[in-house]
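Novice: Sharing a structure, written as structure tokens. Questions coming.
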Amino acid sequence: MAVQLLPQCENLREHVETILNLWQQDPTLSAKQDTTRVQASLSKAISPTFEIVFAGAFSAGKSMLINALLERELLYSAEGHATGTECYISYAEPDAERVVLTFLSERQVQEQMAAFCTRLGLALPSGNNLEEVTLNRLKEQAEAIVQQEGGKSKSERAKQADALRLLIEGFQQNRARIHPTENRVFSMEQLNLGNLREAASFARRGANSAVLRKIEYYCHHPLLEDGNVIVDTPGIDAPVKADAERTYQKIADPNTSAVVCVLKCATTGELTKEETELIEHIQSSESIRDRVFYVFNRIDETWYNSQLRQRLETIIDQQFRQARLFKTSALLGFYGSQIRETTRETRFGLDTIFAESIKELGGREQTPQFISEFVKYCSSSGRLVGSPFRPSVHGYETPIDNYVRILSEWGKPLIEYMIKDSGIEEFLSGITRY
Ligand SMILES: Nc1nc2c(ncn2[C@@H]2O[C@H](COP(=O)(O)OP(=O)(O)O)[C@@H](O)[C@H]2O)c(=O)[nH]1
Ligand SMILES: [Mg+2]
């Protein structure tokens, strides 16, 4: 996709800027024409970008898929967490990686609060100033709803209430960064974040991400060279309607050069109403329909369930025959890439990569989602039947003990096999070559 500037155009920027400067010095001329558009065209000509927009339902695995492609944990990926943050990931030289964060304005925070309050049947905070007492009262009400519902992921209502709580906390914690009407922009240094990793972890914290409008990562990866930019959008079923709409606006944006439509029917066996609308929209827009990739993510769930497998095949057969489609397990692909370099010393990442998720609940070792999936993958009804690998899963051992023992016995080749199986590499070469 890269566009090389011809050698005789190498000084284009200098030449155009000289002319623009002369133009600006003459008041009669500069009043006549706004030069910002010339500048925008110039940037586009000198360093063209190709935005690859990831669209799909909340929880389809968009963020994890992007993390898997880049083999890094940049984006927040978790069950039951939906925000309106848009993420852009562009190229940087290895020593120039950075993040730029754009916060919501106070007015936008208020709009979001209003949307949640209406849905939850709560009284709107009156007046224009969001006072601490009002906010705390509203937060208590949101927490009460989560309690009533029996936990934050127990129902749609509980999820909305929890999202409201995070929004309020985010606002309280970031007040100094939130302007009444403007979207303020901060660099990593301004937020005292030392590197990309720290910045990503700041942005992934629920309360912070609730008040972030946009995150721009500049990171080093071959996929991003030549101007490719990855765009992660809020889900098409995001709780705030305006956030869901932004996905559609982004698809129509002239900067968008491809759309990756991440579907979750491998889990459910059917397309949701929002997914069907998205697909119909894409297929009816002439400008984009030839540059669409369909990804059936969470494909691992069909490996252990023949009914789901059948239903997915039927959907593909009826609706996606002509399409460029990929089947992926972002979960296995991403963690596979992370545990590749680990050894027995860290229990293959349990003490490093998974340290946080293991001790999440009061000291007792929790089983991280990937570890459970890995054990399922290795079991006698799993994916390795007929492969060169014959790991044995012991019922009398915990999943964690099984994981460590199986990797000690079969090691790297098994990890590599699982990464291949995840479909991430094929997807990567698919979008690299389009
Ligand atoms: N089993 C399985 N789970 C996945 C896969 N990809 C993502 N998930 C899980 O789905 C949840 C939501 O993923 P996320 O990337 O946040 O979805 P997003 O809302 O589309 O960005 C996470 O808890 C992941 O662990 C996959 O390929 N297989
Ligand atoms: Mg996401």
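Residues are named by chain letter and number: chains run A, B, ... in the order of the structure tokens, numbers start at 1 in each chain, and ligands are numbered from 1 in the order shown.
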Report as a ChimeraX atom specification all protein, DNA and RNA residues lying within 10 Å of Leu122 in chain A, evaluated on only C-alpha atoms, omitting residues in the same chain fewer than 3 positions from it.
Specialist: /A:114,116-119,125,138,141-142
Novice: Assign secondary structure with DSSP using the backbone only, and return the residues of range 183-343 of chain A in strand (DSSP E or B) as number ranges by chain.
Specialist: A: 185-187, 212-219, 228-232, 256-263, 292-296, 324-327
Novice: Using only C-alpha atoms and all ligand atoms, determine which residues fall within 12 Å of ligand 2, then list them as an NGL selection string.
Specialist: :A and (54-67 or 74-87 or 204 or 206 or 209 or 231-238 or 262)
Novice: Considering only C-alpha atoms and all ligand atoms, state which residue in the set A:Phe293, A:Tyr91, A:Tyr304, A:Phe202 is at the smallest distance from ligand 1.
Specialist: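 Closest residue, counting only C-alpha atoms and all ligand atoms: A:Tyr304.
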Novice: Restricting the calculation to only C-alpha atoms and all ligand atoms: of A:Arg344, A:Lys327, A:Lys139, A:Arg157, which residue gets closest to ligand 1?
Specialist: A:Lys327
Novice: Write out as an NGL selection string the residues lying within 12 Å of Val393 in chain A, counting only C-alpha atoms and excluding same-chain residues fewer than 3 positions away.
Specialist: :A and (372 or 374-382 or 384 or 390 or 396-407 or 409)
Novice: Counting only C-alpha atoms, what is within 8 Å of Met113 in chain A, bar same-chain residues fewer than 4 positions away, as a list in words?
Specialist: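 That gives Val109, Cys117, Leu124, Leu164 and Leu167 of chain A.
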